[in-house]
$ cat start-v2.cif   # mmCIF, C-alpha atoms
data_coords
#
loop_
_atom_site.group_PDB
_atom_site.id
_atom_site.type_symbol
_atom_site.label_atom_id
_atom_site.label_comp_id
_atom_site.auth_asym_id
_atom_site.auth_seq_id
_atom_site.Cartn_x
_atom_site.Cartn_y
_atom_site.Cartn_z
ATOM 1 C CA MET A 192 97.637 75.958 89.248
ATOM 2 C CA THR A 193 93.938 75.280 88.881
ATOM 3 C CA SER A 194 92.799 74.203 85.421
ATOM 4 C CA GLU A 195 89.840 75.844 83.689
ATOM 5 C CA SER A 196 87.757 72.651 83.981
ATOM 6 C CA GLU A 197 88.486 72.371 87.724
ATOM 7 C CA LEU A 198 87.398 75.968 88.120
ATOM 8 C CA VAL A 199 84.082 75.307 86.390
ATOM 9 C CA GLU A 200 83.485 72.218 88.539
ATOM 10 C CA LYS A 201 84.491 73.606 91.909
ATOM 11 C CA VAL A 202 83.513 77.276 91.942
ATOM 12 C CA PRO A 203 79.951 78.485 92.606
ATOM 13 C CA ALA A 204 78.337 80.006 89.503
ATOM 14 C CA HIS A 205 78.268 83.589 90.774
ATOM 15 C CA LEU A 206 81.964 83.535 91.680
ATOM 16 C CA ARG A 207 82.726 81.959 88.289
ATOM 17 C CA GLN A 208 81.049 84.954 86.627
ATOM 18 C CA ILE A 209 83.212 87.345 88.658
ATOM 19 C CA ILE A 210 86.324 85.392 87.660
ATOM 20 C CA GLU A 211 85.293 85.610 84.001
ATOM 21 C CA ASP A 212 84.872 89.390 84.320
ATOM 22 C CA PHE A 213 88.452 89.622 85.578
ATOM 23 C CA GLN A 214 89.685 87.318 82.822
ATOM 24 C CA LEU A 215 88.239 89.701 80.236
ATOM 25 C CA SER A 216 90.006 92.698 81.758
ATOM 26 C CA GLU A 217 93.620 93.733 81.254
ATOM 27 C CA GLY A 218 96.265 95.136 83.624
ATOM 28 C CA GLN A 219 94.999 98.299 85.268
ATOM 29 C CA GLU A 220 91.382 97.290 84.549
ATOM 30 C CA LYS A 221 91.811 94.440 87.051
ATOM 31 C CA ILE A 222 92.857 96.921 89.736
ATOM 32 C CA GLU A 223 89.909 99.152 88.846
ATOM 33 C CA LEU A 224 87.555 96.173 89.184
ATOM 34 C CA LEU A 225 88.997 95.399 92.623
ATOM 35 C CA LEU A 226 88.492 99.037 93.613
ATOM 36 C CA GLU A 227 84.872 98.875 92.435
ATOM 37 C CA TYR A 228 84.310 95.809 94.595
ATOM 38 C CA SER A 229 86.011 97.595 97.484
ATOM 39 C CA GLU A 230 83.394 100.335 97.254
ATOM 40 C CA LYS A 231 80.618 97.700 97.262
ATOM 41 C CA MET A 232 81.862 95.986 100.439
ATOM 42 C CA PRO A 233 78.727 94.750 102.241
ATOM 43 C CA LEU A 234 78.101 96.417 105.579
ATOM 44 C CA LEU A 235 78.386 94.333 108.703
ATOM 45 C CA PRO A 236 75.076 93.244 110.198
ATOM 46 C CA GLU A 237 73.766 95.927 112.549
ATOM 47 C CA ASN A 238 74.335 93.818 115.672
ATOM 48 C CA SER A 239 77.989 93.134 114.731
ATOM 49 C CA GLN A 240 79.197 96.612 113.833
ATOM 50 C CA HIS A 241 82.077 97.774 116.020
ATOM 51 C CA GLN A 242 82.312 94.359 117.716
ATOM 52 C CA ARG A 243 85.498 92.846 116.367
ATOM 53 C CA ASP A 244 85.716 90.497 119.337
ATOM 54 C CA GLU A 245 82.869 88.502 117.726
ATOM 55 C CA MET A 246 84.746 88.252 114.426
ATOM 56 C CA ASP A 247 87.618 86.054 113.259
ATOM 57 C CA PHE A 248 90.954 87.784 112.758
ATOM 58 C CA VAL A 249 93.012 86.620 109.760
ATOM 59 C CA GLU A 250 96.469 86.640 111.336
ATOM 60 C CA GLU A 251 98.386 85.827 108.162
ATOM 61 C CA CYS A 252 97.368 89.085 106.454
ATOM 62 C CA MET A 253 99.499 92.217 106.737
ATOM 63 C CA THR A 254 96.283 94.246 106.612
ATOM 64 C CA PRO A 255 93.995 93.842 109.631
ATOM 65 C CA VAL A 256 91.232 91.592 108.271
ATOM 66 C CA TYR A 257 88.250 90.509 110.355
ATOM 67 C CA VAL A 258 85.711 87.987 109.067
ATOM 68 C CA LEU A 259 82.190 87.241 110.212
ATOM 69 C CA ALA A 260 80.561 84.124 108.779
ATOM 70 C CA VAL A 261 76.806 83.843 109.173
ATOM 71 C CA VAL A 262 75.138 80.585 108.148
ATOM 72 C CA ARG A 263 71.466 80.672 107.233
ATOM 73 C CA GLU A 264 69.674 77.600 105.890
ATOM 74 C CA GLY A 265 73.020 75.906 105.198
ATOM 75 C CA GLY A 266 74.397 78.809 103.146
ATOM 76 C CA PHE A 267 77.305 81.005 104.189
ATOM 77 C CA HIS A 268 77.191 84.789 104.145
ATOM 78 C CA PHE A 269 80.545 86.481 104.726
ATOM 79 C CA TYR A 270 81.097 89.950 106.126
ATOM 80 C CA PHE A 271 84.481 91.607 106.391
ATOM 81 C CA ASP A 272 85.896 94.496 108.372
ATOM 82 C CA ILE A 273 88.937 95.809 106.499
ATOM 83 C CA PRO A 274 90.314 99.361 106.597
ATOM 84 C CA PRO A 275 89.595 101.561 103.561
ATOM 85 C CA GLU A 276 93.366 102.153 103.315
ATOM 86 C CA SER A 277 93.651 98.624 101.879
ATOM 87 C CA PRO A 278 91.356 98.827 98.858
ATOM 88 C CA THR A 279 92.713 95.814 96.968
ATOM 89 C CA VAL A 280 92.263 93.503 99.959
ATOM 90 C CA ARG A 281 88.813 95.024 100.589
ATOM 91 C CA GLY A 282 87.961 94.474 96.935
ATOM 92 C CA PHE A 283 89.003 90.828 97.013
ATOM 93 C CA ALA A 284 87.066 90.262 100.242
ATOM 94 C CA ALA A 285 84.011 91.990 98.767
ATOM 95 C CA LEU A 286 84.097 89.808 95.665
ATOM 96 C CA LEU A 287 84.373 86.746 97.916
ATOM 97 C CA ALA A 288 81.368 87.964 99.915
ATOM 98 C CA GLU A 289 79.379 88.425 96.711
ATOM 99 C CA GLY A 290 80.621 85.370 94.840
ATOM 100 C CA LEU A 291 80.229 82.966 97.760
ATOM 101 C CA ASP A 292 76.976 84.384 99.123
ATOM 102 C CA GLY A 293 74.782 81.421 100.014
ATOM 103 C CA ALA A 294 77.480 78.842 99.212
ATOM 104 C CA THR A 295 77.496 75.638 101.222
ATOM 105 C CA ALA A 296 80.461 74.557 103.320
ATOM 106 C CA GLU A 297 81.185 71.863 100.736
ATOM 107 C CA GLN A 298 81.273 74.427 97.915
ATOM 108 C CA ILE A 299 83.632 76.625 99.911
ATOM 109 C CA LEU A 300 85.915 73.683 100.664
ATOM 110 C CA GLY A 301 85.975 72.819 96.955
ATOM 111 C CA LEU A 302 87.221 76.289 96.074
ATOM 112 C CA PRO A 303 90.798 76.034 94.748
ATOM 113 C CA ASN A 304 93.213 77.968 96.987
ATOM 114 C CA ASP A 305 94.730 79.673 93.954
ATOM 115 C CA PHE A 306 91.537 80.497 92.046
ATOM 116 C CA PHE A 307 92.555 84.175 91.983
ATOM 117 C CA ARG A 308 95.337 83.240 89.565
ATOM 118 C CA GLN A 309 92.626 82.441 87.012
ATOM 119 C CA MET A 310 91.598 86.080 87.450
ATOM 120 C CA GLY A 311 95.099 87.243 86.523
ATOM 121 C CA LEU A 312 95.651 88.988 89.850
ATOM 122 C CA GLU A 313 99.233 87.693 90.092
ATOM 123 C CA LYS A 314 100.011 90.052 87.187
ATOM 124 C CA VAL A 315 98.879 93.173 89.032
ATOM 125 C CA LEU A 316 99.398 92.508 92.748
ATOM 126 C CA SER A 317 102.575 92.056 94.761
ATOM 127 C CA MET A 318 103.573 88.658 96.130
ATOM 128 C CA GLN A 319 102.816 89.954 99.630
ATOM 129 C CA ARG A 320 99.234 90.830 98.603
ATOM 130 C CA LEU A 321 98.833 87.457 96.873
ATOM 131 C CA ASN A 322 99.964 85.719 100.064
ATOM 132 C CA GLY A 323 97.286 87.686 101.912
ATOM 133 C CA LEU A 324 94.630 86.591 99.408
ATOM 134 C CA THR A 325 95.727 82.974 99.843
ATOM 135 C CA ALA A 326 95.482 83.387 103.630
ATOM 136 C CA LEU A 327 91.994 84.852 103.318
ATOM 137 C CA VAL A 328 90.783 81.948 101.164
ATOM 138 C CA ALA A 329 92.374 79.458 103.588
ATOM 139 C CA HIS A 330 90.683 81.192 106.516
ATOM 140 C CA ILE A 331 87.174 81.015 105.066
ATOM 141 C CA LYS A 332 87.813 77.358 104.223
ATOM 142 C CA ARG A 333 88.753 76.761 107.884
ATOM 143 C CA LEU A 334 85.470 78.395 108.911
ATOM 144 C CA ALA A 335 83.620 75.992 106.592
ATOM 145 C CA THR A 336 85.559 73.025 108.009
ATOM 146 C CA ASN A 337 84.752 74.104 111.566
ATOM 147 C CA TYR A 338 81.089 74.440 110.642
ATOM 148 C CA LEU A 339 80.979 70.901 109.257
ATOM 149 C CA ALA A 340 82.789 69.557 112.336
ATOM 150 C CA SER A 341 80.283 71.228 114.658
ATOM 151 C CA ASP A 342 76.796 69.990 115.424
ATOM 152 C CA LYS A 343 75.467 72.447 112.834
ATOM 153 C CA GLY A 344 77.145 70.811 109.816
#
$ encode --input "start-v2.cif" --output "structure tokens"
Amino acid sequence: MTSESELVEKVPAHLRQIIEDFQLSEGQEKIELLLEYSEKMPLLPENSQHQRDEMDFVEECMTPVYVLAVVREGGFHFYFDIPPESPTVRGFAALLAEGLDGATAEQILGLPNDFFRQMGLEKVLSMQRLNGLTALVAHIKRLATNYLASDKG
């Protein structure tokens, strides 16, 4: 499990603030926070709406999760297409989109795979959902790795 000091070192400041908000909440409040983030899910860019073939599919998730990573000036901007019937996964993806907005590939790669445990989500989500969150974090880290390996990185 990630220590508090590792979290401070490796997580972008905005995502750290989100994690702290979850740390201050209890039980059902954590679910309510996820649902709030679910409602704030950023819309896909106009030219990418309804074009899942241009997006990455996260195969390890039970919920159909599609990811679009846009890099501008070295910073990542993530967009997700996730059905409304999966509000906790949507909420987690939305908080990733917000917390990692503008993060560099190096910052994303430094993100601990289990950072959501610092949020206390293992207390309110099923193991299956937690596995999906882990897969989502691993997927965005692969996108960052691929970016660095390309001519763009």
$ residues_around --input "start-v2.cif" --residues "segment 301-314 of chain A" --least-positions-apart "3" --cutoff "7 Å" --atoms "all atoms listed in the file" --output "number ranges by chain"
A: 192-193, 201-202, 210, 213-214, 297-298, 321, 325, 328-329
$ write_last_selection --input "start-v2.cif" --atoms "C-alpha atoms" --output "PDB file, in the frame of the given file"
ATOM      1  CA  MET A 192      97.637  75.958  89.248  1.00  0.00           C
ATOM      2  CA  THR A 193      93.938  75.280  88.881  1.00  0.00           C
ATOM      3  CA  LYS A 201      84.491  73.606  91.909  1.00  0.00           C
ATOM      4  CA  VAL A 202      83.513  77.276  91.942  1.00  0.00           C
ATOM      5  CA  ILE A 210      86.324  85.392  87.660  1.00  0.00           C
ATOM      6  CA  PHE A 213      88.452  89.622  85.578  1.00  0.00           C
ATOM      7  CA  GLN A 214      89.685  87.318  82.822  1.00  0.00           C
ATOM      8  CA  GLU A 297      81.185  71.863 100.736  1.00  0.00           C
ATOM      9  CA  GLN A 298      81.273  74.427  97.915  1.00  0.00           C
ATOM     10  CA  LEU A 321      98.833  87.457  96.873  1.00  0.00           C
ATOM     11  CA  THR A 325      95.727  82.974  99.843  1.00  0.00           C
ATOM     12  CA  VAL A 328      90.783  81.948 101.164  1.00  0.00           C
ATOM     13  CA  ALA A 329      92.374  79.458 103.588  1.00  0.00           C
TER      14      ALA A 329
END
$ residues_around --input "start-v2.cif" --residues "segment 272-276 of chain A" --least-positions-apart "2" --cutoff "6 Å" --atoms "only C-alpha atoms" --output "count of residues only"
4
$ residues_around --input "start-v2.cif" --residues "Leu235 of chain A" --least-positions-apart "2" --cutoff "12 Å" --atoms "all atoms listed in the file" --output "PyMOL selection string"
chain A and resi 232-233+237-243+245-246+257-261+268-273+285+288
$ closest_residue --input "start-v2.cif" --among "A:Pro236, A:Gly323, A:Pro203, A:Gly265" --to "Ala284 of chain A" --atoms "all atoms listed in the file"
A:Gly323
$ resolve_selection --input "start-v2.cif" --expression "the PyMOL selection byres ((chain A and resi 332-335) around 9)" --output "PyMOL selection string"
chain A and resi 260+267+295-297+299-302+327-331+336-340+344
$ atom_distance --input "start-v2.cif" --atom1 "atom CA of Leu225 of chain A" --atom2 "atom CA of Gly282 of chain A"
4.5 Å
$ closest_residue --input "start-v2.cif" --among "A:His205, A:Glu230, A:Leu316, A:Gly290" --to "Gly218 of chain A" --atoms "all atoms listed in the file"
A:Leu316
$ axis_aligned_box --input "start-v2.cif" --around "segment 256-266 of chain A" --padding-each-side "5 Å" --output "JSON"
{"center_x": 80.5, "center_y": 83.7, "center_z": 106.8, "size_x": 31.6, "size_y": 25.7, "size_z": 17.2}
$ atom_distance --input "start-v2.cif" --atom1 "atom CA of Leu291 of chain A" --atom2 "atom CA of Tyr228 of chain A"
13.8 Å
$ atom_distance --input "start-v2.cif" --atom1 "atom CA of Ala326 of chain A" --atom2 "atom CA of Glu251 of chain A"
5.9 Å
$ closest_residue --input "start-v2.cif" --among "A:Cys252, A:Gly266, A:Glu289, A:Ser277" --to "Asn322 of chain A" --atoms "only C-alpha atoms"
A:Cys252
